[in-house]
Structures are given as C-alpha cells and as structure tokens.
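To start, the structure under review is shown below, and the notes come after it.
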Amino acid sequence: MRERVGSRWGRFYLIILLNTNRYLVTTGLAIILFVLIVAISRLGTTSLRVAMTTNSPVIPVFQAMIIVSATVVALVVTINQLVLAQEIGPLSDQHDRMIGAMEFLRDTEKFFSSTSPPEPGSFLRALVDTTINNAETLDDAIANTTNDELRERTTQFTEGLINNATTVSESLEDAQFGQFDVVQAALDYNYAWKIYQVRRLRKDHGTDLTDDQREAFENLEETLIFFGPAREHIKTLYFEWQLVNLSRQIIYVGILTFAIAPGTVLFIDAGSFPGTTLGIDNMTWIISGVFTIVTLPLLLLASYTLRLATIAKRTLAIGPFILRSSSRTEDIEWQD
C-alpha cells in the first residue's frame, strides 16, 4: 500500500498514521506539545512564577483542561455505547445476523477444499490463496492461445497478482485479530484494481476466449469479489474492537488527569519548586509537564482517530471503484 502512495513523504506519513503503535504516537504528540509549551515560555517577558504571584493563569487554564478531559471521556464513552448498541438487540436480529454470516461462509466454501477458517486472518488468507490458485489456473488456460497480446497481458497481470497475493498471505500467516496486522495486510491487497483488470482483459479479448478460458476469468473475478465484503466485515469488527479498547484506556487516563489537574490548582503556588534546570525555571518544567499529562486523553483520542480515519478513507468504496489517484490510473482507458 505504501508503494502505491508514490512519494517518500507519503510513505512516511502512512507509517506514522497506520503502522506505528498508538502509545508511541500518543507519546510523540505529548513530547511535541511539552517542547512547544516550554519553547513558548521562553518568548514571554514575564516568567510563569512571577505571573502566579499576581494573577495566576494556572487556575483558569487547568479548569478549562479539566472540562476538556471530561468532555473527551464522555464522548468516548458515548461512542462505546453506540458500538455496544449494535451488539445488543432482540433474538430475531441476532438470528438474522447469524444467518447472513453463515450464508456468506457457505458461498465462499465452494472455493476451499475444506470448511472456511473461523479466524479473520486465516479466512482472508484462504481467500487470498484461492486467488493465487485461480490466477495460476488462468495463466495455464491462456498459455496455449494463439493471441500473443492476450497471453502477454494475462501473464503480466497474473504475475503481479501472485506476487501481491503471496506477500499478503505471508503477512496474514501469524497475524492476530485485534492488532493492526490483519487489517494492514487486507489493505495491501488492491482487489478493486484486480477486478478491473480481469474484466478489462475478458472484455478486450472476449471473442478470442475459449469456454475454459472464459470460465477461468470468471472464477478469478468471483474470488476477488468475495474478498471485498470479507475485508469490509473484518474492518468493521476491528473498528469496534479498537473503539472499545480506546474507551477503556481513556477512562484510565482520565482518572489520572482528574487527580493531577485539581492537585496542581490546589497545592502548587508561586513558591513551589524553586531554582532552575537547564536555564529554565523549575516551575515552567512542572506546569508544562502537568499540562501535557492533563491533555493525554485528547492526545490518545487523536492517535486512534488518525488511524481509524485513515483506514476509513482508504476503504470508502467497496467493489471495483478506485477513489484514490495513483500511477495505476494512467493505465485506465475508456472508449465510447
């Protein structure tokens, strides 16, 4: 997926948004905020300690941050309730969901030699491996064609598909659901582009195809089509999993901030923490650090939202539509 972005900055940006551990992203945001506050303090003409002796700005600032933290906690808990509300319903709704899931599994089992794997990562891997098998079958079916253009285009397509699918399959081998690994591997498989290529090849050379070759194209396309809803369902489960984890972590961090912020307002005055460190008043270090800690619920929410929003943006369309501009669009031709 990062290779399809193109620019080096874009690939680095995706690494931060998607691959990096959310705790590391939160810590990075906290460090940046802390450094900015300390740096801004050096621009002022009046030190924080002197300001606290006259008209302390600490009290209103921390009062506002307590309100912000409480709002973030309430917001995340509300989101968590909305997620759980989808899992709570009458028996008829639960039965319909079960029937729909079982019908989908039965439909996909015609591609497998055994029962569909129950784990999300294993299920996606089975679908990806099936596309490899179908691509190899298609390549063998086209090998004896007298149409050189059809054979060259199909071979180029199947080789690219097999390489991409093999990489994704290896990534899914030990991937555990709940971590980003499963969704990341699913995002790396650009099935929409592959569906377009299959349909385009079959359309361009339809008159030159035998029944066996046409069936090979159809089997590969059908497998790719099933990958789409499977990925979307597993992505939805991952979103719910992450939102539940986020709400729990926000509550833990929120309790910490609700203890530190009032303690700072009530027990720290202009005479606390005398002296300097690295040429900066200790009061500035302490207040900046406490302020950063109080903002942790907001920073944690931001780190999770950045990942989920990026995933959502890159998977807005299910099916053969390609929303993002990339070098692949140069290969798309349209004739009236």
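Residues are named by chain letter and number: chains run A, B, ... in the order of the structure tokens, numbers start at 1 in each chain, and ligands are numbered from 1 in the order shown.
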Would you write out, as CSV, a table of all residues in stretch 40-130 of chain A that have an atom no more than 9 Å from an atom of stretch 161-173 of chain A, listing for each the closest atom pair and the distance in Å to one decimal, considering only C-alpha atoms and ordering rows by chain and rising residue number?
residue,atom,partner,partner_atom,distance
A:Gly121,CA,A:Leu172,CA,5.7
A:Ser122,CA,A:Leu172,CA,6.9
A:Leu124,CA,A:Leu172,CA,7.7
A:Arg125,CA,A:Ser169,CA,5.3
A:Ala126,CA,A:Ser169,CA,8.2
A:Val128,CA,A:Ala165,CA,5.9
A:Asp129,CA,A:Ser169,CA,6.8
Inset, instruction - Compile the contact shell of A:Val35 as a VMD selection string: residues with an atom at most 9 Å away, counting only C-alpha atoms, same-chain residues fewer than 5 positions apart removed. - result: chain A and resid 30 40 288
May I have the residues from that selection written out with N, CA, C and O atoms, as a PDB file, in the first residue's frame?
ATOM      1  N   ALA A  30       2.654  14.003  22.810  1.00  0.00           N
ATOM      2  CA  ALA A  30       2.841  14.614  24.135  1.00  0.00           C
ATOM      3  C   ALA A  30       4.197  15.317  24.225  1.00  0.00           C
ATOM      4  O   ALA A  30       4.301  16.425  24.777  1.00  0.00           O
ATOM      5  N   ILE A  40       7.630  28.183  24.025  1.00  0.00           N
ATOM      6  CA  ILE A  40       6.830  29.410  24.044  1.00  0.00           C
ATOM      7  C   ILE A  40       7.068  30.202  25.329  1.00  0.00           C
ATOM      8  O   ILE A  40       7.052  31.435  25.334  1.00  0.00           O
ATOM      9  N   SER A 288       4.395  22.758  32.679  1.00  0.00           N
ATOM     10  CA  SER A 288       4.329  22.250  31.305  1.00  0.00           C
ATOM     11  C   SER A 288       4.114  20.744  31.291  1.00  0.00           C
ATOM     12  O   SER A 288       3.321  20.209  30.492  1.00  0.00           O
TER      13      SER A 288
END
Legend entry - Shell around stretch 248-261 of chain A at 6 Å using only C-alpha atoms, local window under 2 positions removed, as a list in words: Asn245, Leu246, Gly263, Thr264, Val294 and Pro297 of chain A
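Between atom CA of A:Ser303 and atom CA of A:Val73 lies a distance of 14.8 Å.
We find atom CA of A:Leu18 and atom CA of A:Arg307 to be spaced 5.3 Å apart.
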Inset, instruction - Apply DSSP to the backbone of this structure and, from stretch 218-291 of chain A, keep only the residues in alpha helix (DSSP H); write these as a ChimeraX atom specification. - result: /A:218-267,282-291
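Considering the residues A:Gln242, A:Ser41, A:Gln179, A:Thr146 and counting only C-alpha atoms, A:Trp285 has its shortest atom-to-atom contact with A:Ser41.
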Please produce, as CSV, a per-residue contact table for stretch 193-261 of chain A versus stretch 90-101 of chain A (criterion: any atom at most 12 Å away, only C-alpha atoms considered), showing the nearest atom pair and its distance in Å to one decimal, sorted by chain then residue number.
residue,atom,partner,partner_atom,distance
A:Pro229,CA,A:Ala101,CA,11.0
A:Ala230,CA,A:Ala101,CA,10.1
A:His233,CA,A:Ala101,CA,9.8
A:Ile234,CA,A:Ala101,CA,11.8
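Taking atom CA of A:Asp269 and atom CA of A:Val38 as the two end points, the separation is 18.6 Å.
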Inset, instruction - Tell me which protein, DNA and RNA residues are within 10 Å of A:Ile280, counting only C-alpha atoms, leaving out same-chain ones fewer than 3 positions away, and put them as a ChimeraX atom specification. - result: /A:38,41-42,47,275-277,283-285
Inset, instruction - Tell me, as a PyMOL selection string, which residues lie within 9 Å of A:Leu187, counting only C-alpha atoms; anything in the same chain fewer than 4 positions away does not count. - result: chain A and resi 1+182-183+231+311+314-315
